[in-house]
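Pasting model_13.cif here (mmCIF, C-alpha atoms and all ligand atoms):
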```
data_target
#
loop_
_atom_site.label_atom_id
_atom_site.label_comp_id
_atom_site.auth_asym_id
_atom_site.auth_seq_id
_atom_site.Cartn_x
_atom_site.Cartn_y
_atom_site.Cartn_z
CA MET Y 1110 13.92 -25.08 -9.26
CA ALA Y 1111 10.18 -24.78 -8.48
CA VAL Y 1112 8.77 -21.67 -10.14
CA LYS Y 1113 6.32 -19.58 -8.10
CA THR Y 1114 3.42 -17.85 -9.82
CA VAL Y 1115 2.56 -14.49 -8.28
CA LEU Y 1116 -0.63 -12.58 -9.11
CA ILE Y 1117 -0.42 -8.79 -8.75
CA THR Y 1118 -3.61 -6.75 -9.05
CA GLY Y 1119 -3.25 -3.00 -9.55
CA ALA Y 1120 0.07 -3.93 -11.15
CA SER Y 1121 0.32 -0.75 -13.25
CA GLY Y 1122 0.26 1.47 -10.17
CA GLU Y 1123 3.10 2.89 -8.11
CA ILE Y 1124 3.70 -0.09 -5.82
CA GLY Y 1125 3.10 -2.53 -8.68
CA HIS Y 1126 5.88 -0.81 -10.61
CA GLY Y 1127 8.37 -1.30 -7.76
CA LEU Y 1128 7.18 -4.81 -6.94
CA ILE Y 1129 7.43 -6.07 -10.53
CA GLN Y 1130 11.00 -4.68 -10.78
CA ALA Y 1131 11.96 -6.48 -7.57
CA LEU Y 1132 10.28 -9.78 -8.48
CA ALA Y 1133 11.86 -9.72 -11.95
CA GLU Y 1134 15.23 -10.08 -10.21
CA GLN Y 1135 14.15 -13.41 -8.70
CA ALA Y 1136 14.74 -16.26 -11.14
CA ASP Y 1137 12.11 -18.54 -9.65
CA VAL Y 1138 9.13 -16.17 -9.94
CA ARG Y 1139 6.70 -15.46 -12.74
CA VAL Y 1140 4.33 -12.54 -12.45
CA VAL Y 1141 0.77 -12.44 -13.74
CA ALA Y 1142 -0.18 -8.75 -13.73
CA LEU Y 1143 -3.75 -7.44 -13.72
CA ASP Y 1144 -4.81 -3.80 -14.01
CA LEU Y 1145 -7.49 -1.64 -15.59
CA HIS Y 1146 -4.73 0.28 -17.34
CA PRO Y 1147 -1.82 -0.92 -19.46
CA MET Y 1148 1.72 -0.63 -18.17
CA ALA Y 1149 4.86 0.60 -19.95
CA ASP Y 1150 6.33 -1.95 -22.37
CA ALA Y 1151 9.52 -2.20 -20.30
CA MET Y 1152 7.48 -3.25 -17.25
CA ALA Y 1153 5.24 -5.60 -19.23
CA ALA Y 1154 8.37 -7.33 -20.54
CA LYS Y 1155 9.23 -8.31 -16.95
CA CYS Y 1156 5.90 -10.14 -16.52
CA TYR Y 1157 4.92 -13.66 -17.57
CA ARG Y 1158 1.46 -12.37 -18.50
CA VAL Y 1159 -0.25 -8.97 -18.43
CA VAL Y 1160 -4.03 -8.85 -18.28
CA ILE Y 1161 -5.91 -5.59 -18.80
CA GLY Y 1162 -9.15 -5.90 -16.90
CA ASP Y 1163 -11.28 -5.09 -13.88
CA ILE Y 1164 -11.12 -6.85 -10.51
CA LEU Y 1165 -14.91 -6.46 -10.44
CA ASP Y 1166 -15.21 -8.72 -13.49
CA LYS Y 1167 -15.90 -12.10 -11.85
CA ALA Y 1168 -15.69 -13.99 -15.15
CA LEU Y 1169 -12.20 -12.60 -15.69
CA ILE Y 1170 -11.13 -13.55 -12.16
CA GLU Y 1171 -12.45 -17.08 -12.67
CA SER Y 1172 -10.64 -17.39 -15.98
CA LEU Y 1173 -7.38 -16.35 -14.28
CA SER Y 1174 -7.95 -18.97 -11.62
CA ALA Y 1175 -8.60 -21.63 -14.26
CA ALA Y 1176 -5.44 -20.71 -16.16
CA HIS Y 1177 -2.90 -20.46 -13.31
CA ASP Y 1178 -1.90 -22.04 -10.01
CA PHE Y 1179 -1.04 -19.03 -7.88
CA ASP Y 1180 1.35 -19.30 -4.94
CA VAL Y 1181 1.09 -15.70 -3.78
CA ILE Y 1182 -1.41 -12.91 -4.44
CA HIS Y 1183 -0.46 -9.26 -3.96
CA HIS Y 1184 -3.80 -7.51 -4.10
CA LEU Y 1185 -2.83 -3.88 -4.75
CA ALA Y 1186 -5.76 -2.59 -6.85
CA ALA Y 1187 -7.71 0.13 -5.05
CA LEU Y 1188 -8.93 3.71 -5.22
CA LEU Y 1189 -6.81 5.86 -2.90
CA SER Y 1190 -8.13 8.16 -0.21
CA THR Y 1191 -8.94 11.43 -1.97
CA LYS Y 1192 -10.55 9.65 -4.93
CA SER Y 1193 -12.52 7.37 -2.57
CA GLU Y 1194 -13.85 10.36 -0.64
CA ARG Y 1195 -15.08 11.90 -3.91
CA GLN Y 1196 -16.67 8.65 -5.17
CA PRO Y 1197 -17.67 6.59 -2.12
CA MET Y 1198 -19.92 4.17 -4.01
CA LEU Y 1199 -17.19 3.37 -6.52
CA ALA Y 1200 -14.66 3.12 -3.68
CA HIS Y 1201 -16.81 0.54 -1.92
CA LYS Y 1202 -17.16 -1.46 -5.13
CA VAL Y 1203 -13.46 -1.48 -6.00
CA ASN Y 1204 -11.94 -1.50 -2.52
CA VAL Y 1205 -14.35 -3.88 -0.80
CA GLU Y 1206 -16.18 -5.94 -3.46
CA GLY Y 1207 -12.97 -6.15 -5.50
CA THR Y 1208 -11.12 -7.47 -2.44
CA MET Y 1209 -13.90 -10.05 -1.85
CA ASN Y 1210 -13.45 -11.25 -5.43
CA LEU Y 1211 -9.73 -11.74 -4.84
CA LEU Y 1212 -10.27 -13.50 -1.50
CA GLU Y 1213 -12.75 -15.82 -3.26
CA LEU Y 1214 -10.15 -16.48 -5.94
CA ALA Y 1215 -7.63 -17.31 -3.20
CA ILE Y 1216 -9.93 -19.70 -1.36
CA GLY Y 1217 -10.92 -21.39 -4.63
CA GLN Y 1218 -7.27 -21.79 -5.55
CA SER Y 1219 -6.40 -23.27 -2.16
CA ARG Y 1220 -9.09 -25.91 -2.65
CA LEU Y 1221 -7.94 -26.72 -6.18
CA GLN Y 1222 -4.30 -26.90 -5.17
CA GLY Y 1223 -4.86 -28.42 -1.71
CA ARG Y 1224 -2.59 -25.92 0.03
CA GLU Y 1225 -2.54 -22.45 1.56
CA ILE Y 1226 -2.36 -19.41 -0.67
CA THR Y 1227 -0.45 -16.42 0.69
CA PHE Y 1228 -2.45 -13.19 0.29
CA LEU Y 1229 -0.67 -9.86 0.73
CA TYR Y 1230 -2.83 -6.84 1.39
CA PRO Y 1231 -1.55 -3.24 1.47
CA SER Y 1232 -3.60 -1.49 4.10
CA SER Y 1233 -2.87 2.02 5.27
CA VAL Y 1234 -2.42 4.42 8.16
CA ALA Y 1235 -5.84 5.64 6.97
CA VAL Y 1236 -7.41 2.92 9.16
CA TYR Y 1237 -6.64 5.23 12.11
CA GLY Y 1238 -8.80 8.19 12.96
CA LEU Y 1239 -7.64 10.71 15.55
CA PRO Y 1240 -10.46 13.04 16.60
CA SER Y 1241 -8.39 16.22 17.06
CA LEU Y 1242 -4.93 17.65 16.56
CA ASP Y 1243 -4.45 17.58 20.29
CA ALA Y 1244 -5.27 13.84 20.41
CA LYS Y 1245 -2.95 13.25 17.44
CA ARG Y 1246 -0.04 14.99 19.15
CA LYS Y 1247 -0.64 13.16 22.41
CA ALA Y 1248 -1.02 9.76 20.66
CA GLY Y 1249 2.47 9.89 19.08
CA LYS Y 1250 3.31 6.48 17.59
CA VAL Y 1251 0.02 4.57 17.43
CA LYS Y 1252 -0.12 0.81 17.97
CA GLU Y 1253 -2.08 -1.52 15.67
CA THR Y 1254 -4.96 -1.80 18.13
CA GLU Y 1255 -5.41 1.91 18.90
CA TRP Y 1256 -7.60 4.60 17.31
CA LEU Y 1257 -9.29 2.27 14.81
CA THR Y 1258 -11.97 4.84 14.10
CA PRO Y 1259 -11.31 5.92 10.50
CA ARG Y 1260 -12.93 9.12 9.25
CA THR Y 1261 -12.63 8.43 5.52
CA MET Y 1262 -14.33 6.06 3.08
CA TYR Y 1263 -10.91 4.70 2.12
CA GLY Y 1264 -9.84 4.06 5.73
CA THR Y 1265 -13.15 2.41 6.47
CA ASN Y 1266 -12.78 0.19 3.38
CA LYS Y 1267 -9.22 -0.76 4.38
CA LEU Y 1268 -10.11 -1.60 7.98
CA TYR Y 1269 -13.05 -3.75 6.89
CA CYS Y 1270 -10.90 -5.58 4.30
CA GLU Y 1271 -8.30 -6.32 7.00
CA LEU Y 1272 -11.12 -7.99 8.95
CA LEU Y 1273 -12.43 -9.77 5.85
CA GLY Y 1274 -8.99 -11.18 5.14
CA THR Y 1275 -8.66 -12.33 8.74
CA TYR Y 1276 -12.09 -13.98 8.50
CA TYR Y 1277 -11.08 -15.84 5.31
CA SER Y 1278 -7.93 -17.05 7.07
CA GLU Y 1279 -9.38 -18.05 10.40
CA HIS Y 1280 -13.14 -18.54 10.34
CA TYR Y 1281 -14.21 -19.03 6.73
CA ARG Y 1282 -17.53 -20.94 6.53
CA GLN Y 1283 -17.10 -22.06 10.12
CA LEU Y 1284 -20.53 -23.74 10.22
CA ASP Y 1285 -19.83 -26.13 7.35
CA ALA Y 1286 -19.51 -29.79 8.33
CA ASP Y 1287 -16.23 -29.99 6.41
CA ALA Y 1288 -15.08 -26.49 7.36
CA VAL Y 1289 -11.69 -25.82 5.83
CA GLN Y 1290 -9.77 -23.38 7.99
CA GLY Y 1291 -6.68 -21.32 7.33
CA ARG Y 1292 -6.49 -21.98 3.61
CA VAL Y 1293 -5.92 -18.31 2.80
CA ASP Y 1294 -2.89 -16.99 4.64
CA PHE Y 1295 -3.82 -13.30 4.78
CA ARG Y 1296 -1.02 -10.88 5.65
CA GLY Y 1297 -1.58 -7.12 5.79
CA LEU Y 1298 0.72 -4.10 6.04
CA ARG Y 1299 -0.44 -0.68 7.13
CA PHE Y 1300 1.66 1.47 4.81
CA PRO Y 1301 2.55 5.10 5.49
CA GLY Y 1302 2.51 7.49 2.52
CA LEU Y 1303 4.95 6.12 -0.04
CA ILE Y 1304 7.39 8.30 -1.98
CA SER Y 1305 8.75 6.96 -5.24
CA ALA Y 1306 11.41 8.49 -7.45
CA ASP Y 1307 10.04 6.67 -10.51
CA THR Y 1308 6.32 7.37 -10.37
CA VAL Y 1309 4.01 10.19 -9.26
CA PRO Y 1310 0.91 9.38 -7.21
CA THR Y 1311 -2.68 10.24 -8.08
CA GLY Y 1312 -5.80 10.22 -5.96
CA GLY Y 1313 -4.17 9.98 -2.53
CA THR Y 1314 -3.96 12.47 0.33
CA SER Y 1315 -0.30 11.84 1.22
CA ASP Y 1316 0.42 12.94 -2.37
CA TYR Y 1317 1.67 16.36 -1.19
CA GLY Y 1318 5.02 14.80 -0.17
CA PRO Y 1319 5.94 13.27 -3.53
CA GLU Y 1320 4.21 16.08 -5.48
CA MET Y 1321 6.35 18.73 -3.75
CA LEU Y 1322 9.53 16.91 -4.68
CA HIS Y 1323 8.62 15.97 -8.26
CA ASN Y 1324 7.40 19.51 -9.02
CA ALA Y 1325 10.57 21.05 -7.58
CA ALA Y 1326 12.71 18.74 -9.71
CA GLN Y 1327 10.87 19.96 -12.80
CA GLY Y 1328 11.17 23.62 -11.82
CA LYS Y 1329 7.39 23.91 -11.34
CA ALA Y 1330 5.69 25.93 -8.62
CA TYR Y 1331 3.73 23.82 -6.13
CA PRO Y 1332 0.92 25.02 -3.86
CA CYS Y 1333 1.01 22.46 -1.07
CA PHE Y 1334 -2.51 21.54 0.10
CA VAL Y 1335 -1.58 21.01 3.76
CA ARG Y 1336 -0.09 23.21 6.48
CA GLU Y 1337 3.66 23.39 6.96
CA ASP Y 1338 3.33 21.61 10.33
CA ALA Y 1339 1.20 18.72 8.97
CA ARG Y 1340 2.86 15.46 9.96
CA ILE Y 1341 2.21 11.85 8.96
CA PRO Y 1342 4.51 8.86 8.43
CA PHE Y 1343 6.18 8.39 5.04
CA MET Y 1344 8.40 5.72 3.51
CA ALA Y 1345 10.66 5.41 0.48
CA MET Y 1346 9.14 3.08 -2.13
CA PRO Y 1347 12.01 0.54 -2.11
CA ASP Y 1348 11.35 -0.09 1.59
CA GLY Y 1349 7.62 -0.52 0.90
CA VAL Y 1350 8.40 -3.17 -1.71
CA THR Y 1351 10.92 -4.88 0.58
CA ALA Y 1352 8.30 -5.01 3.34
CA LEU Y 1353 5.82 -6.80 1.06
CA LEU Y 1354 8.45 -9.33 0.01
CA GLN Y 1355 9.71 -9.89 3.57
CA LEU Y 1356 6.24 -10.36 5.00
CA ALA Y 1357 5.32 -12.74 2.14
CA ALA Y 1358 8.40 -14.84 2.90
CA ALA Y 1359 8.12 -14.82 6.71
CA PRO Y 1360 7.44 -18.23 8.30
CA ALA Y 1361 3.79 -18.35 9.46
CA LYS Y 1362 4.83 -19.55 12.90
CA LYS Y 1363 6.72 -16.31 13.52
CA LEU Y 1364 3.69 -14.11 12.89
CA THR Y 1365 1.72 -13.00 15.92
CA ARG Y 1366 -0.66 -10.73 13.96
CA ARG Y 1367 -2.36 -10.72 10.57
CA VAL Y 1368 -1.83 -6.98 10.04
CA TYR Y 1369 1.30 -5.00 10.89
CA ASN Y 1370 2.29 -1.34 11.14
CA ILE Y 1371 5.53 -0.45 9.39
CA GLY Y 1372 7.29 2.86 9.89
CA ALA Y 1373 10.33 4.64 8.46
CA PHE Y 1374 10.24 8.43 9.00
CA ALA Y 1375 7.59 10.97 9.91
CA PRO Y 1376 8.44 14.46 8.66
CA SER Y 1377 6.26 17.55 8.68
CA ALA Y 1378 5.44 19.05 5.27
CA GLY Y 1379 7.89 21.84 6.15
CA GLU Y 1380 10.66 19.30 6.79
CA ILE Y 1381 9.98 17.64 3.41
CA LEU Y 1382 10.34 21.08 1.83
CA ALA Y 1383 13.62 21.71 3.69
CA PHE Y 1384 15.10 18.46 2.30
CA THR Y 1385 13.72 19.24 -1.17
CA LYS Y 1386 15.35 22.68 -1.08
CA LYS Y 1387 18.76 21.20 -0.34
CA ALA Y 1388 18.75 19.74 -3.84
CA PHE Y 1389 16.47 22.22 -5.58
CA PRO Y 1390 17.11 25.57 -3.84
CA LYS Y 1391 14.72 27.34 -6.21
CA ALA Y 1392 11.78 25.09 -5.26
CA ALA Y 1393 8.75 27.40 -5.37
CA VAL Y 1394 6.49 25.83 -2.77
CA THR Y 1395 3.72 27.73 -1.01
CA PHE Y 1396 1.53 26.37 1.74
CA SER Y 1397 -2.13 26.86 0.76
CA PRO Y 1398 -4.03 24.38 2.91
CA ASP Y 1399 -7.23 22.87 1.55
CA GLN Y 1400 -9.14 22.64 4.84
CA LYS Y 1401 -10.93 19.44 3.83
CA ARG Y 1402 -7.88 17.47 2.68
CA GLN Y 1403 -5.99 18.90 5.65
CA GLY Y 1404 -8.74 17.45 7.85
CA ILE Y 1405 -7.99 13.96 6.50
CA ILE Y 1406 -4.27 14.37 7.26
CA ASP Y 1407 -5.05 15.70 10.75
CA GLY Y 1408 -7.01 12.49 11.41
CA TRP Y 1409 -4.06 10.24 10.48
CA PRO Y 1410 -1.41 9.56 13.12
CA GLU Y 1411 1.90 11.41 13.35
CA ASP Y 1412 3.73 8.11 13.35
CA VAL Y 1413 3.23 4.38 13.95
CA ASN Y 1414 4.60 1.87 16.42
CA ASP Y 1415 6.05 -0.98 14.34
CA ASP Y 1416 7.61 -3.05 17.14
CA ALA Y 1417 5.62 -6.17 16.20
CA ALA Y 1418 6.92 -6.16 12.61
CA ARG Y 1419 10.48 -5.64 13.84
CA VAL Y 1420 10.27 -8.51 16.32
CA ASP Y 1421 8.22 -11.01 14.29
CA TRP Y 1422 9.73 -10.79 10.82
CA GLY Y 1423 12.74 -8.52 11.15
CA TRP Y 1424 11.32 -5.31 9.67
CA LYS Y 1425 13.94 -2.57 9.49
CA PRO Y 1426 13.67 0.20 6.90
CA ALA Y 1427 16.84 0.81 4.91
CA PHE Y 1428 15.94 4.48 4.44
CA GLY Y 1429 15.52 7.08 7.17
CA LEU Y 1430 14.54 10.59 6.00
CA GLU Y 1431 18.07 11.83 5.38
CA ARG Y 1432 19.25 8.72 3.54
CA ALA Y 1433 16.00 8.47 1.53
CA PHE Y 1434 16.59 11.95 0.12
CA ALA Y 1435 20.37 11.75 -0.27
CA GLU Y 1436 20.76 8.24 -1.67
CA TYR Y 1437 17.47 7.40 -3.33
CA LEU Y 1438 15.05 10.25 -4.08
CA LEU Y 1439 17.28 13.12 -5.13
CA PRO Y 1440 19.69 11.24 -7.42
CA ALA Y 1441 16.93 9.22 -9.11
CA ILE Y 1442 14.53 12.14 -9.51
CA THR Y 1443 17.28 14.37 -10.88
CA ARG Y 1444 18.19 11.66 -13.44
CA ARG Y 1445 14.53 11.20 -14.31
CA TYR Y 1446 13.93 14.86 -15.20
CA THR Y 1447 17.26 15.64 -16.84
CA LYS Y 1448 17.09 12.80 -19.37
P1 LIG E 1 -1.97 3.41 -7.54
O1 LIG E 1 -3.16 4.28 -7.58
O2 LIG E 1 -0.70 3.91 -8.13
O3 LIG E 1 -2.28 1.99 -8.18
C1 LIG E 1 -3.51 1.36 -8.06
C2 LIG E 1 -3.74 0.60 -9.33
O4 LIG E 1 -4.97 -0.10 -9.21
C3 LIG E 1 -3.86 1.51 -10.56
O5 LIG E 1 -2.92 1.14 -11.54
C4 LIG E 1 -5.27 1.29 -11.04
O6 LIG E 1 -5.41 1.33 -12.45
C5 LIG E 1 -5.59 -0.08 -10.47
N1 LIG E 1 -7.02 -0.31 -10.33
C6 LIG E 1 -7.92 0.54 -9.77
N2 LIG E 1 -9.15 0.01 -9.86
C7 LIG E 1 -9.02 -1.20 -10.48
C8 LIG E 1 -9.93 -2.20 -10.87
N3 LIG E 1 -11.24 -2.07 -10.64
N4 LIG E 1 -9.46 -3.30 -11.48
C9 LIG E 1 -8.13 -3.43 -11.74
N5 LIG E 1 -7.22 -2.49 -11.40
C10 LIG E 1 -7.66 -1.40 -10.78
O7 LIG E 1 -1.75 3.04 -6.01
P2 LIG E 1 -0.48 2.42 -5.28
O8 LIG E 1 0.20 3.53 -4.58
O9 LIG E 1 0.28 1.55 -6.19
O10 LIG E 1 -1.22 1.58 -4.17
C11 LIG E 1 -1.38 0.18 -4.27
C12 LIG E 1 -2.07 -0.28 -3.01
O11 LIG E 1 -1.34 0.13 -1.85
C13 LIG E 1 -3.48 0.25 -2.82
O12 LIG E 1 -4.28 -0.76 -2.29
C14 LIG E 1 -3.31 1.37 -1.83
O13 LIG E 1 -4.47 1.58 -1.09
C15 LIG E 1 -2.20 0.83 -0.97
N6 LIG E 1 -1.47 1.89 -0.28
C16 LIG E 1 -0.75 2.80 -0.99
C17 LIG E 1 -0.08 3.81 -0.30
C18 LIG E 1 0.72 4.84 -1.03
O14 LIG E 1 1.16 5.82 -0.40
N7 LIG E 1 0.98 4.70 -2.32
C19 LIG E 1 -0.16 3.87 1.09
C20 LIG E 1 -0.93 2.92 1.76
C21 LIG E 1 -1.56 1.92 1.07
N1 LIG E 2 -1.13 7.20 0.56
C1 LIG E 2 -2.48 6.79 0.60
C2 LIG E 2 -3.42 7.90 0.31
O1 LIG E 2 -3.05 9.03 0.54
C3 LIG E 2 -2.80 6.28 1.97
O2 LIG E 2 -3.04 4.96 1.94
O3 LIG E 2 -4.50 7.65 -0.10
#
```
Let me see the file written as structure tokens.
Ligand code: NAD
Ligand code: SER
Amino acid sequence: MAVKTVLITGASGEIGHGLIQALAEQADVRVVALDLHPMADAMAAKCYRVVIGDILDKALIESLSAAHDFDVIHHLAALLSTKSERQPMLAHKVNVEGTMNLLELAIGQSRLQGREITFLYPSSVAVYGLPSLDAKRKAGKVKETEWLTPRTMYGTNKLYCELLGTYYSEHYRQLDADAVQGRVDFRGLRFPGLISADTVPTGGTSDYGPEMLHNAAQGKAYPCFVREDARIPFMAMPDGVTALLQLAAAPAKKLTRRVYNIGAFAPSAGEILAFTKKAFPKAAVTFSPDQKRQGIIDGWPEDVNDDAARVDWGWKPAFGLERAFAEYLLPAITRRYTK
């Protein structure tokens, strides 16, 4: 059996956690994990190699490339939206320059190995920017080509990196006499806010969803920083991980786009609270909107049109809102906090 080597950057984060668990179940995969921060021993034990380091460290990236032949790169490392808005210079460095370093690693690897390297990139609904609540309500489920006018540093970084990845796949060094085209097979997913039962997010703006639930499970009061009627798309973490694995495995000839929307459910903050209260009736949640973070949420779409993903590579979330709470979030979160 040919073993595939998969590089995951940002491996100690929320998606990394889910992705490593899923890849560990595949016998023919070995994971090389890279992150600024260490991961729990149980997670590290599932990896072939764990490297603590910075994606901005070019010498480190080159040494990884010299040591391994990667088949697939999941480039997850990034600063999320709230943190990026507070530190735009750092966000540009990590989110854009860091992504360039990984695309360079991918193109270098494709030359060394003489084949395409699959590059998975988690983009975000933050690439969209709706100018008003009225426009947001009228827009409904946005298509991939609509409203690409992000209003945040993070969304701007993500949209540009989608274009960078597309450039590396389709036009890289197009003036060279021996121009090598299509050696990086860049595939992007515009994720909604992800909700995990195993980890709690930091630095994002969709964090109010998971924070509400995790605080309720611990019996802690939670002042929610958006209005009760605030609505954006969300997804259960297992579906987010499945989407990455499905898109990575999809035959290139089936793909009609480089970047896809994926949707699952799109509750208001009030609806998330209603589901939370079914399991934790004493949940002490108040709505105390932070006007500035609320402004970011108001600029993101209510929901996304994911027809292309469904048609091209069979995307279908396993979890709608009701099932996500009943069969994934509530049982796992209850177990987590009653250990
Ligand atoms: P996370 O914050 O939990 O994980 C990000 C990881 O990147 C962290 O472990 C962090 O230490 C690491 N990192 C940051 N800077 C680094 C650097 N310079 N070098 C090496 N590692 C670095 O985030 P996540 O939820 O796991 O998100 C992973 C990716 O998915 C990100 O690109 C994010 O933008 C994207 N995404 C996430 C969501 C979501 O709701 N979680 C939604 C859309 C897109
Ligand atoms: N969930 C992410 C954030 O809030 C969006 O990509 O930053």
So that I can see what lies close to Pro1319 of chain Y, please list as an MDAnalysis selection string the residues with an atom at most 6 Å from it, counting only C-alpha atoms and leaving out residues fewer than 3 positions away in the same chain. chainID Y and resid 1304 1316 1322
Tell me, as a ChimeraX atom specification, which residues lie within 9 Å of Ile1341 of chain Y, counting all atoms listed in the file; anything in the same chain fewer than 5 positions away does not count. /Y:1234,1301-1302,1315,1374-1378,1406-1407,1409-1412
Residues within 8 Å of ligand LIG 1 (chain E), counting only C-alpha atoms and all ligand atoms, as a ChimeraX atom specification: /Y:1118-1126,1143-1146,1161-1165,1184-1190,1203-1204,1207,1230-1235,1263,1267,1299-1304,1309-1313,1315-1316,1343
The residue from Y:Tyr1281, Y:Tyr1317, Y:Trp1256, Y:Tyr1331 with the smallest atom-to-atom distance to Arg1402 of chain Y, counting all atoms listed in the file, is Y:Tyr1317
Please measure the separation of atom CA of Ala1215 of chain Y and atom CA of Phe1179 of chain Y, giving the value in Å to one decimal.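 Computing the Euclidean distance for atom CA of Ala1215 of chain Y and atom CA of Phe1179 of chain Y yields 8.3 Å.
Interatomic distance, atom CA of Gly1274 of chain Y to atom CA of Asp1287 of chain Y: 20.2 Å.
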Using all atoms listed in the file, which residue out of Y:Ala1154, Y:Ala1330, Y:Ala1359, Y:Val1205 lies closest to Phe1396 of chain Y?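 Of Y:Ala1154, Y:Ala1330, Y:Ala1359, Y:Val1205, the one nearest Phe1396 of chain Y is Y:Ala1330, counting all atoms listed in the file.
Minimum distance to ligand LIG 2 (chain E) across Y:Ala1306, Y:Ala1417, Y:Ala1111, Y:Ile1405 (counting only C-alpha atoms and all ligand atoms) occurs at Y:Ile1405.
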Selected residue, from Y:Gln1400, Y:Asn1210, Y:Thr1314, Y:Ser1305, that lies nearest to Val1350 of chain Y when counting only C-alpha atoms: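 Checking each candidate against Val1350 of chain Y, we get Y:Ser1305 as the closest.
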Centre and edge lengths of an axis-aligned box around all listed atoms of ligand LIG 2 (chain E), with 6 Å added on each side, are to be given in Å to one decimal, as JSON.
```
{"center_x": -2.8, "center_y": 7.0, "center_z": 0.9, "size_x": 15.4, "size_y": 16.1, "size_z": 14.1}
```
What does the distance from atom CA of Lys1155 of chain Y to atom CA of Ile1129 of chain Y come to in Å, to one decimal? 7.0 Å
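Nearest to ligand LIG 2 (chain E) of all the residues Y:Lys1113, Y:Lys1192, Y:His1323, Y:Lys1167 is Y:Lys1192, counting all atoms listed in the file.
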